[in-house]
Amino acid sequence: MWKLSVGCLVGIVLCLQYVSAQRPVAGKVAGNLNIEYSVRTNFAVVGRVPHSVAILSLTNRGKTPLPDRGYSIFFCHENFLFPVSYQEELGKYESAPYGGELMVDGYYFNFLHGCMYEMRAIDAGLAPSETKNITLYFSPFIVSKFDVFRNWYVTDDQGTQKVIGDTRDRGFVDDFKTPLNQLRRTDDLDSVPKQPQDRQDAFVPFMSGVLYDVTPKPRNQQIATPINLIDVTSTSNKWKIVTEHPDLVPAAEYLAAETKIGIATPGTNNANTIKLSKKPRTSFPESVYGPITEEAYELVITPSQIEIGAAAPKGIINGIHTLISQQAWREVPAQVIKDGPRFAERALQLDIASNFYKPAEIKKIINLMAYYKLNRLYLQIWNNHGLRLDLGLGAVEVAGKRCHDLNEEICLMTQLGSDPDGRGKGNGHLTKEQFVNLLEYADKRGVMIVPSINVGDNARAMVVGMDRALKKNTLNPVGVSLFDETEVENLRMSGRYPKKDSAINPCRPETVQFVDYILKYLKSLYTESGQQFTRLHFASDFNTEQMMTSKHCFPTPPRNATELQEARSRLTAIKADFLAKLGTLFTAEGVDISGTVELFTGFPDSQFVSRMTIMDKSKRYPNIDAYVVNDDYMRFNPPSPPNMPIEFFSQRAQLLKNNGYKVLISPPHKTKFDTAYEPDPNAPGDYSVATRNVSLREAFAWVPNSRCCNLNLAPEEIAKEVTKHGCLTEPLCEPFADGVTGFDGTLASIDTRKLPEVETAIKLMSPRLMAFAERSWYEAPWESSFTASTPYQPPQRAANQPPALPPLNIEPTLNPDLAALENDYQRFRSLIGAKEVMRMASKGLPVFCAAPGARVVAEPTGNKLETSCMYPNMKVYSKNERGQFTELTTVPTQNVTIKCQYYIEQYRQLFECEEQEFNANLEKTPFQHVQDHITQRAAAQAEAIRQQQQQQQAFLAQQAMLARQRAAMLQQQQQSQQQQQGGQQQQGGQTAGTAQQTARRRNTQGQNQAAPRTPIGG
């Protein structure tokens, strides 16, 4: 029996070994391979080029060796790997004998396209428990775990794909613990993670008395005194909704759905009614309600009747949202509100192309917009990463899905961490019926959906999708090919895609046909929804590299420097001609055109055209409106010749407005809400070279109707000389033309490349979208104090005196009302914390809540703990050994994990706040260290400048003294010469007089000798 058991065991082991041997290589490698990714520094230098360095650790956690070869690891890495070794013009790494692959530690690294890389195993065997560390060089920097995409996967020769389990979440990415991997540059204070002490240092107590305020703030709100609270709910006092106007019935139905209050038939006798009324436009004068009459409303609340009056249904919807906000705590004070927006355009641009959000998820975002009176949703339909609407062309079958398909016959190659099997995030599209339903849903809430497409650059999903659809449907093709067959084989386009398939060529006649089809198709969908199709947005510019190498643009492509310069000077004319053709199409369909600021400005050349050159609206689309989104507030063009003016690209907004365009303002450092709230490496979100994060305060504190402000030029040195409080000096600020009083709207944006989950995107928007809505709807009095600044004017100096010593920090002069801004922000912050975030969370919309503030304060009686939270009615709790949170009231003796929670337990489940470790003994935070470093360096620079100025002053004084000495010596010389000349003149005069006297004497003597003498008295 015992021998039989041993035999059975041996048999089982042999069976397991056989099964393991027959297991696909991809499954074995993915199941046993442990991956760790650790960014070590962002300040390395390779070949004199700045680089970042990461260590990729591969560990075999299985009990058998991993094979040397026979498999590949695929992964997305947006920061370009080994850039020094890459030949951009050939589209491959320089190790040509290996087919353009780069050999690193037993793997051939091959760049595919977009963000995708392949690590092909050649000599990569790993023994059990063995670890291999691969050094990765890349550019630019990485300062967040969300820069490292998930779902690394293995493929084998049998075509099997398997995701490496460790990479399903971001736990495989090591923490960012030092300034070497937290900062983008050495003086990058914006990237230093905040500690509880830093938040506590910045904390300001909340205001009281704001519970019945409204966000966005109304123009005029008069609450009756004494306050008379009225219970407006479906269960009390039998409130009913009534309206006598058929076109207000959808608004009544929407109000009923939001409040659970029933609708009564007109004429029914009800004790308490909510009445929706249409009134003449003359009832809403601009002086009281603002310039947008169709969105103005009046809300009158009395104990027995609530009336919302407006000139149009849009105004009624705005009044409904104000009432819903007031109803958050059941009881509403009696009051009168007279209100209307400052801007007609209050927009959000949502990217559903990079990562697809389902219709129910998009509706959540529409709800959030509507609650705060935003009225335009720019919906990105396609880009390089995906096509998300069935346009009746068949392209969406391939372009609406991402999977592992190197030839892209059934799907686009996986990007941005999407699953290789074609399921999960990154996949899907809207059907025709779903899009029509979204149009209806948004319209009922006062939101107009504006389709956003890419005709030009960043359009790969549509180009590839159309190519595959036409190849599949050769007998009955629909649509036109967008692929340029005359391309240069190895040219790499923006986004690092080959073969020009990421851009649509404006020179091809098929492109105009394609736009015409899109216009007509979208118009049919809007007609089906009962709406008018009024606007189409272009979210990208054209690709100049494609145009310069295209026979459609240049029948004889330029080959030398002279021809290249001449060709580049013609690019703007080509774009202008294409826009004129679009203008004809749009005018025929009655649709307004919209686009980025780059679309409507010129391509710079070396002679006549710059990025400040505006496409003349009157010549291209005179009979329709043209909308432009100005989102460039960070760049300027320093003049190459010293006598040329500086070009600040933000000033294109005025140039476009003066030319007849309608301009929407969108400074990214104020409105880009896919960034994090704080510079936290563990927080989701994107960032750029200029913008690391956007705080709630930054989203609130800006002036959208200013032509000179909202700049973010740091860390450029020139910013110190031309801006103050983000406002240009007057000589650099482009004026408005006669009759132009301001811009037309605002636009915030959400890029979903790093946000596959809609809950994360909504949390990044809320509460910042509330601050954006505040600025878009209501013009605060303090905004008028942000104007053009006055440049530094040195004092006049006396003649022959050295100039006065200039100040150490030469800055323009501007005195905005910062106290009023701070008071307004604290009112807003207290209001949304006391009411709005809880209201949104109760409606199933996630809300961001930061980690707590905490610090230890030394007092005579002992150390005291001070704490704070992002919202009122919260307290700070610490995690105990059992993982439970208890209120933190005393100074902890060791490091503890803390977070904020509502002290009323029933509210704690609404949303979770961020957690963070608190070191009570920390003497100085990293933020303070970097701040001190910057201060010390600035002081050193100031001291160097001061010494240089002193040396210059001494030199100038010495030169002035020498000049005075030279002037004195010259004066002495002149006086000496004058004296000598005077003496010579006097001596010459005396000699002449003596000669004259001698001559007269001689003449007299001669006369006496010749004349007869006369006798005396004779």
# chains A, B, ... in the order shown; residues from 1 in each chain; ligands from 1
$ select_by_dssp --residues "region 658-843 of chain A" --states "alpha helix (DSSP H)" --output "count of residues only"
52
$ residues_around --residues "Asp198 (chain A)" --least-positions-apart "3" --cutoff "8 Å" --atoms "only C-alpha atoms" --output "ChimeraX atom specification"
/A:194-195,201-202,853,925,927
$ residues_around --residues "region 534-544 of chain A" --least-positions-apart "6" --cutoff "9 Å" --atoms "only C-alpha atoms" --output "number ranges by chain"
A: 378, 380, 449-459, 493-494, 503-506, 519, 523, 568, 571, 575, 586, 590-600, 603, 625, 627-628
$ atom_distance --atom1 "CA of Ile324 (chain A)" --atom2 "CA of Tyr212 (chain A)"
11.6 Å
$ closest_residue --among "A:Asn110, A:Thr897, A:Gln906, A:Ser789" --to "Met838 (chain A)" --atoms "only C-alpha atoms"
A:Gln906
$ residues_around --residues "region 346-352 of chain A" --least-positions-apart "6" --cutoff "6 Å" --atoms "only C-alpha atoms" --output "list in words"
Leu374, Asn375, Arg376, Leu377, Tyr378, Leu379, Gln380, Gly745, Thr746, Leu747, Ala748, Ser749, Ile750, Asp751 and Thr752 of chain A
$ residues_around --residues "Asp686 (chain A)" --least-positions-apart "5" --cutoff "10 Å" --atoms "only C-alpha atoms" --output "ChimeraX atom specification"
/A:144,146-147,672-676,691-693,750-755
